[in-house]
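Below is one structure; the comments refer to it alone.
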Amino acid sequence: MTIITSLLAFLGTLAINITLILGYPGIAFLMALESTAVPLPSELILPFAGYLSAIDRLDVWAILLFATAGTLVGSLASYAMGYYGGKPLILKFGRYIFLDENDLLRTENWFRRQGDATIFIARFIPVVRHLISIPAGIAKMNLKKFCFYTLLGGLFWNSILVYLGYLFGQNWRLIRHYTEPFSIVIAGLILLAAIIFIVRHLKNKK
């Protein structure tokens, strides 16, 4: 736990320095990473950017433009990983992590029926938003819809965080302080779901 805490603290400091040095391109870069599996929380990046806009260091509209563009770029990178590499890898190595072709079919059916809402809502959920684009790519979700709902959800979420950072001013770090327990709970639920999934697969094999 200490190692994870230290890593997150290091990444947080790095994100702040990148924002200070590079400005808008730095925000786009960080949000692109945040939309992949890199553990850079937007709850840290964007409130700080909002604080900088409150002291007239950055323009709030430019922050939202670059942040949301970064969200889309990072999400598309993850989507591409799932689209081009996900299915072949699961078919070849999936048995080692208890995944098979039936799981792929269920994923494809889910995104065919619920993909729009899933992508939009996922932007508001810690941990999930780092990963959701990969299964969307594996399921080959319609790219135009994927981009639209990623942009829509990303813009809403980014706007909330930037506004809170602007509102809290020098106390912008409190936002991360209050949202961190929720992130831990979500991570715990995902881990629990993974354990249940594995146990069920083992029972089915028996």
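Every chain in the structure tokens has a letter given in the order shown (A, B, ...), and although residue numbers restart at 1 in each chain, ligands are simply numbered from 1 in the order shown.
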Can you list, as a list in words, every protein, DNA or RNA residue that comes within 6 Å of segment 16-33 of chain A when you count only C-alpha atoms, leaving out same-chain residues fewer than 6 positions away? Phe66, Ala67, Gly70, Thr71, Val73 and Gly74 of chain A
Excluding same-chain residues fewer than 2 positions from Thr150 of chain A, what lies within 8 Å of it counting only C-alpha atoms, as a VMD selection string? chain A and resid 71 to 72 75 119 to 120 123 146 to 148 152 to 154
So that I can check the surroundings of Trp157 of chain A, please list as a count of residues only every protein, DNA and RNA residue that reaches within 10 Å of it, counting only C-alpha atoms and ignoring chain neighbours fewer than 4 positions away. 14
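Nearest to Phe111 of chain A of all the residues A:Val128, A:Leu58, A:Ala139, A:Ile134 is A:Ala139, based on only C-alpha atoms.
For Ile132 of chain A, the set of protein, DNA and RNA residues having any atom at most 10 Å away, when counting only C-alpha atoms and skipping those fewer than 6 positions along the same chain, is Ser35, Thr36, Ala37, Ser75, Ser78, Tyr79, Gly82, Thr118, Ile119, Ala122 and Arg123 of chain A.
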Please dump the current selection as a short mmCIF file (atom, residue, chain, number, x, y, z; two decimals), in the first residue's frame; keep C-alpha atoms.
data_model
loop_
_atom_site.label_atom_id
_atom_site.label_comp_id
_atom_site.auth_asym_id
_atom_site.auth_seq_id
_atom_site.Cartn_x
_atom_site.Cartn_y
_atom_site.Cartn_z
CA SER A 35 -7.89 8.03 -20.46
CA THR A 36 -5.64 4.98 -20.79
CA ALA A 37 -4.58 2.65 -17.99
CA SER A 75 -9.64 6.94 -25.28
CA SER A 78 -7.20 2.41 -25.78
CA TYR A 79 -10.05 1.69 -28.23
CA GLY A 82 -8.88 -3.37 -27.92
CA THR A 118 -21.88 2.79 -20.91
CA ILE A 119 -19.28 5.06 -22.50
CA ALA A 122 -18.08 5.55 -17.43
CA ARG A 123 -16.48 9.00 -17.75
#
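Each of A:Ala49, A:Ile55, A:Leu40, A:Leu14 was checked against Gly165 of chain A using only C-alpha atoms; the smallest atom-to-atom distance is that of A:Ala49.
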Please, what distance in Å, to one decimal, runs between atom CA of Arg113 of chain A and atom CA of Leu155 of chain A? 23.3 Å
Using only C-alpha atoms: which of A:Trp110, A:Phe10, A:Tyr51, A:Tyr149 has the shortest distance to Gly169 of chain A: A:Tyr51
